[in-house]
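The data block below is coords34.pdb; it holds PDB, C-alpha atoms.
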MODEL        1
ATOM      1  CA  GLU A 485       6.250  17.855   9.791
ATOM      2  CA  GLY A 486       7.830  15.293  12.115
ATOM      3  CA  ASN A 487       6.737  12.150  10.277
ATOM      4  CA  ASP A 488       9.062   9.163   9.985
ATOM      5  CA  GLU A 489      10.908   9.032   6.639
ATOM      6  CA  LYS A 490      10.089   5.409   5.778
ATOM      7  CA  THR A 491       6.383   5.548   6.606
ATOM      8  CA  THR A 492       6.207   8.878   4.764
ATOM      9  CA  LEU A 493       7.785   7.310   1.674
ATOM     10  CA  HIS A 494       5.774   4.079   1.829
ATOM     11  CA  TYR A 495       2.363   5.250   3.065
ATOM     12  CA  TRP A 496       1.667   8.929   3.842
ATOM     13  CA  SER A 497       2.995  10.249   0.501
ATOM     14  CA  ARG A 498       1.408   7.478  -1.579
ATOM     15  CA  ILE A 499      -2.027   7.943  -0.050
ATOM     16  CA  THR A 500      -1.708  11.708  -0.553
ATOM     17  CA  MET A 501      -0.883  11.252  -4.237
ATOM     18  CA  ALA A 502      -3.862   8.914  -4.680
ATOM     19  CA  LEU A 503      -6.143  11.460  -3.031
ATOM     20  CA  PHE A 504      -4.923  14.297  -5.245
ATOM     21  CA  LEU A 505      -5.473  12.146  -8.352
ATOM     22  CA  LEU A 506      -8.978  10.983  -7.373
ATOM     23  CA  PRO A 507     -10.909  13.729  -9.227
ATOM     24  CA  SER A 508      -9.248  12.689 -12.496
ATOM     25  CA  LEU A 509      -9.514   8.983 -11.698
ATOM     26  CA  ARG A 510     -13.268   9.334 -11.128
ATOM     27  CA  ARG A 511     -13.631  10.844 -14.618
ATOM     28  CA  SER A 512     -11.617   8.063 -16.274
ATOM     29  CA  THR A 513     -13.088   6.324 -19.328
ATOM     30  CA  MET A 514     -11.173   3.060 -18.766
ATOM     31  CA  ALA A 515     -13.557   0.199 -19.541
ATOM     32  CA  GLY A 516     -13.181  -1.512 -16.171
ATOM     33  CA  GLY A 517     -12.588   1.643 -14.135
ATOM     34  CA  SER A 518      -9.385   3.487 -13.288
ATOM     35  CA  VAL A 519      -6.756   1.866 -11.048
ATOM     36  CA  VAL A 520      -4.783   3.057  -8.022
ATOM     37  CA  LEU A 521      -1.874   0.612  -7.720
ATOM     38  CA  SER A 522       0.512   0.781  -4.766
ATOM     39  CA  VAL A 523       3.381  -1.687  -5.164
ATOM     40  CA  LEU A 524       4.762  -2.364  -1.696
ATOM     41  CA  SER A 525       3.993  -5.486   0.354
ATOM     42  CA  GLY A 526       0.469  -6.670  -0.415
ATOM     43  CA  GLY A 527      -0.145 -10.110   1.129
ATOM     44  CA  VAL A 528       3.394 -10.261   2.569
ATOM     45  CA  HIS A 529       3.509  -7.915   5.574
ATOM     46  CA  GLY A 530       2.068  -8.710   8.976
ATOM     47  CA  PRO A 531      -0.468  -6.580  10.841
ATOM     48  CA  TYR A 532       0.929  -3.675  12.861
ATOM     49  CA  GLN A 533      -0.274  -4.724  16.311
ATOM     50  CA  ASN A 534       0.110  -1.317  18.004
ATOM     51  CA  TYR A 535      -1.851   0.749  15.494
ATOM     52  CA  LYS A 536      -4.283   1.978  18.163
ATOM     53  CA  VAL A 537      -1.813   2.846  20.924
ATOM     54  CA  ASP A 538       1.100   4.066  18.779
ATOM     55  CA  PRO A 539      -0.276   4.889  15.319
ATOM     56  CA  GLU A 540       2.728   7.011  14.269
ATOM     57  CA  LEU A 541       5.435   4.666  15.623
ATOM     58  CA  ARG A 542       6.630   7.165  18.202
ATOM     59  CA  MET A 543       7.267   4.489  20.862
ATOM     60  CA  ASN A 544       7.601   1.211  18.939
ATOM     61  CA  TYR A 545       9.924   2.126  16.082
ATOM     62  CA  GLY A 546      11.840  -0.791  14.537
ATOM     63  CA  ILE A 547      12.521  -2.267  11.094
ATOM     64  CA  LYS A 548       9.744  -4.883  11.278
ATOM     65  CA  ASN A 549       7.214  -2.489  12.814
ATOM     66  CA  VAL A 550       7.891   0.134  10.133
ATOM     67  CA  ALA A 551       7.494  -2.434   7.351
ATOM     68  CA  ASP A 552       4.322  -3.920   8.852
ATOM     69  CA  CYS A 553       2.886  -0.479   9.617
ATOM     70  CA  ALA A 554       3.348   0.794   6.057
ATOM     71  CA  GLY A 555       1.872  -2.348   4.506
ATOM     72  CA  PHE A 556      -0.969  -2.648   7.025
ATOM     73  CA  TYR A 557      -1.896   1.036   6.652
ATOM     74  CA  THR A 558      -1.787   0.712   2.847
ATOM     75  CA  ASP A 559      -4.274  -2.177   3.023
ATOM     76  CA  LEU A 560      -6.559  -0.261   5.375
ATOM     77  CA  GLY A 561      -6.229   3.183   3.766
ATOM     78  CA  LEU A 562      -6.903   1.931   0.242
ATOM     79  CA  ASP A 563      -9.742  -0.248   1.561
ATOM     80  CA  TYR A 564     -11.363   2.786   3.180
ATOM     81  CA  MET A 565     -11.100   4.744  -0.060
ATOM     82  CA  ALA A 566     -12.419   1.826  -2.131
ATOM     83  CA  LEU A 567     -15.561   1.541  -0.003
ATOM     84  CA  GLN A 568     -16.593   5.179  -0.481
ATOM     85  CA  ASP A 569     -19.561   5.549  -2.864
ATOM     86  CA  SER A 570     -17.798   8.392  -4.689
ATOM     87  CA  ASN A 571     -14.978   5.983  -5.634
ATOM     88  CA  SER A 572     -17.159   3.172  -6.977
ATOM     89  CA  GLY A 573     -15.550   3.468 -10.431
ATOM     90  CA  VAL A 574     -11.977   3.278  -9.109
ATOM     91  CA  ASN A 575     -10.111   0.020  -8.391
ATOM     92  CA  PHE A 576      -7.680   0.173  -5.449
ATOM     93  CA  VAL A 577      -4.850  -2.399  -5.472
ATOM     94  CA  HIS A 578      -2.009  -3.140  -3.049
ATOM     95  CA  ALA A 579       0.611  -5.407  -4.624
ATOM     96  CA  SER A 580       3.847  -7.096  -3.631
ATOM     97  CA  PRO A 581       6.578  -7.211  -6.310
ATOM     98  CA  GLY A 582       8.712 -10.000  -4.830
ATOM     99  CA  PHE A 583      12.497  -9.865  -5.203
ATOM    100  CA  VAL A 584      13.319  -7.634  -8.165
ATOM    101  CA  ASN A 585      16.730  -6.861  -9.650
ATOM    102  CA  THR A 586      16.928  -3.101  -9.022
ATOM    103  CA  ASN A 587      19.325  -0.722  -7.272
ATOM    104  CA  TRP A 588      17.367  -1.137  -4.018
ATOM    105  CA  GLY A 589      19.470  -0.978  -0.834
ATOM    106  CA  GLN A 590      21.621   2.061  -1.604
ATOM    107  CA  GLU A 591      21.103   3.327   1.955
ATOM    108  CA  PHE A 592      22.472   0.158   3.608
ATOM    109  CA  GLY A 593      25.902  -0.204   5.171
ATOM    110  CA  VAL A 594      28.787  -1.570   3.099
ATOM    111  CA  LEU A 595      28.488  -5.241   4.173
ATOM    112  CA  ILE A 596      24.731  -5.516   3.669
ATOM    113  CA  LYS A 597      24.959  -3.569   0.419
ATOM    114  CA  CYS A 598      27.584  -6.017  -0.897
ATOM    115  CA  PHE A 599      25.344  -8.956   0.033
ATOM    116  CA  VAL A 600      22.347  -7.354  -1.710
ATOM    117  CA  ARG A 601      24.417  -6.691  -4.835
ATOM    118  CA  MET A 602      25.580 -10.342  -4.899
ATOM    119  CA  MET A 603      21.962 -11.522  -4.686
ATOM    120  CA  GLN A 604      20.643  -9.097  -7.309
ATOM    121  CA  PRO A 605      21.135 -11.372 -10.343
ATOM    122  CA  LEU A 606      18.727 -13.856  -8.702
ATOM    123  CA  GLY A 607      15.947 -11.264  -8.707
ATOM    124  CA  ARG A 608      13.237 -10.911 -11.319
ATOM    125  CA  LYS A 609      13.868  -8.385 -14.096
ATOM    126  CA  ALA A 610      12.077  -5.079 -13.513
ATOM    127  CA  SER A 611      10.272  -5.417 -16.857
ATOM    128  CA  ASP A 612       8.941  -8.863 -15.881
ATOM    129  CA  CYS A 613       7.817  -7.503 -12.522
ATOM    130  CA  ALA A 614       5.984  -4.651 -14.256
ATOM    131  CA  GLU A 615       4.159  -7.148 -16.466
ATOM    132  CA  PHE A 616       2.930  -9.124 -13.432
ATOM    133  CA  MET A 617       1.910  -5.936 -11.599
ATOM    134  CA  LEU A 618       0.187  -4.157 -14.504
ATOM    135  CA  GLY A 619      -1.213  -7.103 -16.479
ATOM    136  CA  PRO A 620      -3.953  -8.209 -14.060
ATOM    137  CA  THR A 621      -4.706  -4.664 -12.869
ATOM    138  CA  VAL A 622      -4.241  -1.633 -15.137
ATOM    139  CA  PHE A 623      -4.181  -3.517 -18.456
ATOM    140  CA  ALA A 624      -7.035  -5.820 -17.409
ATOM    141  CA  SER A 625      -9.178  -2.868 -16.415
ATOM    142  CA  ASP A 626      -8.370  -1.023 -19.621
ATOM    143  CA  TYR A 627      -9.569  -4.031 -21.655
ATOM    144  CA  SER A 628     -12.550  -4.600 -19.331
ATOM    145  CA  ASP A 629     -11.180  -7.931 -18.099
ATOM    146  CA  ALA A 630     -11.754  -8.994 -14.504
ATOM    147  CA  LEU A 631      -9.152  -8.196 -11.872
ATOM    148  CA  PRO A 632      -7.999 -11.167  -9.712
ATOM    149  CA  ALA A 633     -10.686 -12.478  -7.346
ATOM    150  CA  LYS A 634     -10.571 -10.959  -3.873
ATOM    151  CA  SER A 635      -9.764 -13.467  -1.157
ATOM    152  CA  GLY A 636     -11.322 -13.931   2.307
ATOM    153  CA  ASN A 637     -11.508 -12.329   5.762
ATOM    154  CA  ARG A 638     -13.469  -9.226   4.768
ATOM    155  CA  ASP A 639     -16.064  -7.450   6.884
ATOM    156  CA  GLU A 640     -17.975  -6.313   3.796
ATOM    157  CA  GLU A 641     -18.124  -6.721   0.038
ATOM    158  CA  GLY A 642     -15.857  -4.682  -2.191
ATOM    159  CA  GLY A 643     -12.741  -2.956  -0.997
ATOM    160  CA  VAL A 644      -9.072  -3.211  -1.852
ATOM    161  CA  TRP A 645      -7.485  -5.864  -4.076
ATOM    162  CA  ILE A 646      -4.375  -7.579  -2.675
ATOM    163  CA  ILE A 647      -2.104  -9.230  -5.247
ATOM    164  CA  GLY A 648       1.197 -11.083  -5.054
ATOM    165  CA  GLU A 649       4.341 -11.110  -7.163
ATOM    166  CA  ASP A 650       2.763 -13.270  -9.880
ATOM    167  CA  GLY A 651      -0.434 -11.233 -10.067
ATOM    168  CA  GLN A 652      -2.319 -13.739  -7.928
ATOM    169  CA  SER A 653      -4.900 -12.856  -5.278
ATOM    170  CA  LYS A 654      -3.547 -12.678  -1.700
ATOM    171  CA  ASP A 655      -5.137 -12.402   1.751
ATOM    172  CA  LEU A 656      -5.624  -9.425   4.016
ATOM    173  CA  THR A 657      -4.039  -9.566   7.482
ATOM    174  CA  SER A 658      -5.777 -11.053  10.505
ATOM    175  CA  LEU A 659      -6.377  -7.590  12.020
ATOM    176  CA  HIS A 660      -8.038  -6.144   8.915
ATOM    177  CA  THR A 661     -11.492  -4.936   9.970
ATOM    178  CA  THR A 662     -13.829  -2.085   9.097
ATOM    179  CA  GLU A 663     -13.089  -0.607  12.540
ATOM    180  CA  ALA A 664      -9.319  -0.742  11.937
ATOM    181  CA  SER A 665      -9.779   0.810   8.502
ATOM    182  CA  LYS A 666     -11.768   3.697   9.955
ATOM    183  CA  PHE A 667      -9.215   4.235  12.747
ATOM    184  CA  VAL A 668      -6.256   4.274  10.341
ATOM    185  CA  TRP A 669      -8.096   6.633   8.006
ATOM    186  CA  GLU A 670      -8.755   9.068  10.864
ATOM    187  CA  THR A 671      -5.064   8.830  11.798
ATOM    188  CA  THR A 672      -4.145   9.486   8.162
ATOM    189  CA  VAL A 673      -6.320  12.612   8.115
ATOM    190  CA  GLU A 674      -4.635  13.927  11.279
ATOM    191  CA  VAL A 675      -1.078  13.179  10.117
ATOM    192  CA  LEU A 676      -1.605  14.735   6.676
ATOM    193  CA  LYS A 677      -3.191  17.781   8.322
ATOM    194  CA  LYS A 678       0.161  18.419  10.064
ATOM    195  CA  SER A 679       1.721  18.492   6.590
ATOM    196  CA  GLY A 680      -0.780  21.038   5.316
ATOM    197  CA  VAL A 681      -3.046  18.515   3.528
ATOM    198  CA  THR A 682      -6.665  18.861   4.659
ATOM    199  CA  LEU A 683      -9.086  15.968   4.080
ATOM    200  CA  ASP A 684     -12.607  15.133   5.119
ATOM    201  CA  LYS A 685     -12.900  12.282   7.596
TER     202      LYS A 685
ENDMDL
END

The structure in this file should be written as structure tokens.
Amino acid sequence: EGNDEKTTLHYWSRITMALFLLPSLRRSTMAGGSVVLSVLSGGVHGPYQNYKVDPELRMNYGIKNVADCAGFYTDLGLDYMALQDSNSGVNFVHASPGFVNTNWGQEFGVLIKCFVRMMQPLGRKASDCAEFMLGPTVFASDYSDALPAKSGNRDEEGGVWIIGEDGQSKDLTSLHTTEASKFVWETTVEVLKKSGVTLDK
């Protein structure tokens, strides 16, 4: 469909999966509501400055822009979904896992891959990471405990939770607004339409 591989992996496909699961999530009997948890770069990435002029990274492609775009769009896309009345019983969370000891970096060149492999033992165990990601979100909701408090710079109440590597509350980016959320959602609808996924705006 012509979409970039990294943004497809990190945003377009994840948001599509969440959308397909929404009917079941809305019927969930979890005490604190069901949870959509995207583990990517919550509270770590910067805002993607060119989201209005180059929303699909056709002209401004680069490692930092791709990373910021995927994280920024995840914040905004999940926030848009969270603020819909039909999703009032669903908790939307964007988390950052920190440095985890996994096989990440397989696609890198030999030198960078060797460096990553040397650093791996310093990373957090995957099981420990899972505990920090699931404990304050999925498990908390299942036991009707409160999710971490949402931190500042929000246009309106509610919306997406942003959590860091230790399960703590993190901030949204400086460009996070209701207008940006609406724009990114409309872009999401158009991009997914090219892939054969039809959504209401």

Distance in Å - CA of Ser653 in chain A versus CA of Ala633 in chain A: 6.2 Å

Selected residue of minimal separation from Thr662 in chain A among A:Cys613, A:Met501, A:Leu562, A:Val622, counting only C-alpha atoms: A:Leu562

Using all atoms listed in the file, find each residue in range 508-536 of chain A having at least one atom no more than 10 Å away from range 564-571 of chain A; report its shortest atom-to-atom pair and that distance in Å (one decimal), rows by chain then rising number, as a tab-separated table.
residue	atom	partner	partner_atom	distance
A:Leu509	CA	A:Asn571	CA	8.7
A:Arg510	CA	A:Asn571	CA	6.7
A:Gly517	CA	A:Asn571	CA	9.8
A:Ser518	CA	A:Asn571	CA	9.8
A:Val520	CA	A:Ala566	CA	9.7

Interatomic distance, CA of Arg542 in chain A to CA of Thr661 in chain A (Å, one decimal):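 Separating CA of Arg542 in chain A from CA of Thr661 in chain A is a distance of 23.3 Å.
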
Atom pair CA of Lys609 in chain A / CA of Phe592 in chain A: separation (Å):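 Taking CA of Lys609 in chain A and CA of Phe592 in chain A, their separation equals 21.5 Å.
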
Selection under test: the PyMOL selection byres ((chain A and resi 672) around 12); residues as JSON, numbers by chain: {"A": [487, 491, 492, 495, 496, 497, 498, 499, 500, 503, 535, 539, 540, 554, 557, 558, 560, 561, 562, 564, 565, 665, 666, 667, 668, 669, 670, 671, 673, 674, 675, 676, 677, 678, 679, 681, 682, 683, 684, 685]}

Nearest residue to Gly527 in chain A from the set A:Ile596, A:Leu659, A:Ala579, A:Ala610 (distances using all atoms listed in the file):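 Under the stated criterion, the closest residue is A:Ala579.
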
Output check: residues returned by the PyMOL selection byres ((chain A and resi 526) around 7), as a list in words: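 What the PyMOL selection byres ((chain A and resi 526) around 7) grabs from the file is Leu524, Ser525, Gly527, Val528, His529, Gly555, His578, Ala579, Ser580, Ile646, Ile647 and Gly648 of chain A.
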
As lines of an AutoDock Vina configuration file, please report the centre and edge lengths, rounded to one decimal in Å, of the axis-aligned box that holds all listed atoms of range 653-672 of chain A with 6 Å of padding on each of the six sides.
center_x = -8.7
center_y = -1.7
center_z = 3.7
size_x = 22.3
size_y = 34.3
size_z = 30.0

Nearest-residue call for Leu618 in chain A, choices A:Leu595, A:Val574, A:Leu521, A:Ala515, using only C-alpha atoms: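 Closest to Leu618 in chain A, using only C-alpha atoms: A:Leu521.
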
Explicit residues for the PyMOL selection byres ((chain A and resi 587) around 12) (as a PDB file with C-alpha atoms, in the coordinates of the input):
ATOM      1  CA  PHE A 583      12.497  -9.865  -5.203  1.00  0.00           C
ATOM      2  CA  VAL A 584      13.319  -7.634  -8.165  1.00  0.00           C
ATOM      3  CA  ASN A 585      16.730  -6.861  -9.650  1.00  0.00           C
ATOM      4  CA  THR A 586      16.928  -3.101  -9.022  1.00  0.00           C
ATOM      5  CA  TRP A 588      17.367  -1.137  -4.018  1.00  0.00           C
ATOM      6  CA  GLY A 589      19.470  -0.978  -0.834  1.00  0.00           C
ATOM      7  CA  GLN A 590      21.621   2.061  -1.604  1.00  0.00           C
ATOM      8  CA  GLU A 591      21.103   3.327   1.955  1.00  0.00           C
ATOM      9  CA  PHE A 592      22.472   0.158   3.608  1.00  0.00           C
ATOM     10  CA  LYS A 597      24.959  -3.569   0.419  1.00  0.00           C
ATOM     11  CA  CYS A 598      27.584  -6.017  -0.897  1.00  0.00           C
ATOM     12  CA  VAL A 600      22.347  -7.354  -1.710  1.00  0.00           C
ATOM     13  CA  ARG A 601      24.417  -6.691  -4.835  1.00  0.00           C
ATOM     14  CA  MET A 602      25.580 -10.342  -4.899  1.00  0.00           C
ATOM     15  CA  MET A 603      21.962 -11.522  -4.686  1.00  0.00           C
ATOM     16  CA  GLN A 604      20.643  -9.097  -7.309  1.00  0.00           C
ATOM     17  CA  PRO A 605      21.135 -11.372 -10.343  1.00  0.00           C
ATOM     18  CA  GLY A 607      15.947 -11.264  -8.707  1.00  0.00           C
ATOM     19  CA  LYS A 609      13.868  -8.385 -14.096  1.00  0.00           C
ATOM     20  CA  ALA A 610      12.077  -5.079 -13.513  1.00  0.00           C
TER      21      ALA A 610
END

Proximity to Gly486 in chain A - best of A:Phe504, A:Leu541, A:Arg511, A:Pro531, only C-alpha atoms: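 With only C-alpha atoms as the atom set, the closest residue is A:Leu541.
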
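When only C-alpha atoms are used to compute distances to Ser625 in chain A, the closest of the residues A:Val537, A:Ile547, A:Val577, A:Cys553 turns out to be A:Val577.
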
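Shortest atom-to-atom contact with Phe623 in chain A among A:Gly516, A:Pro507, A:Gly530, A:Gly643: A:Gly516, counting all atoms listed in the file.
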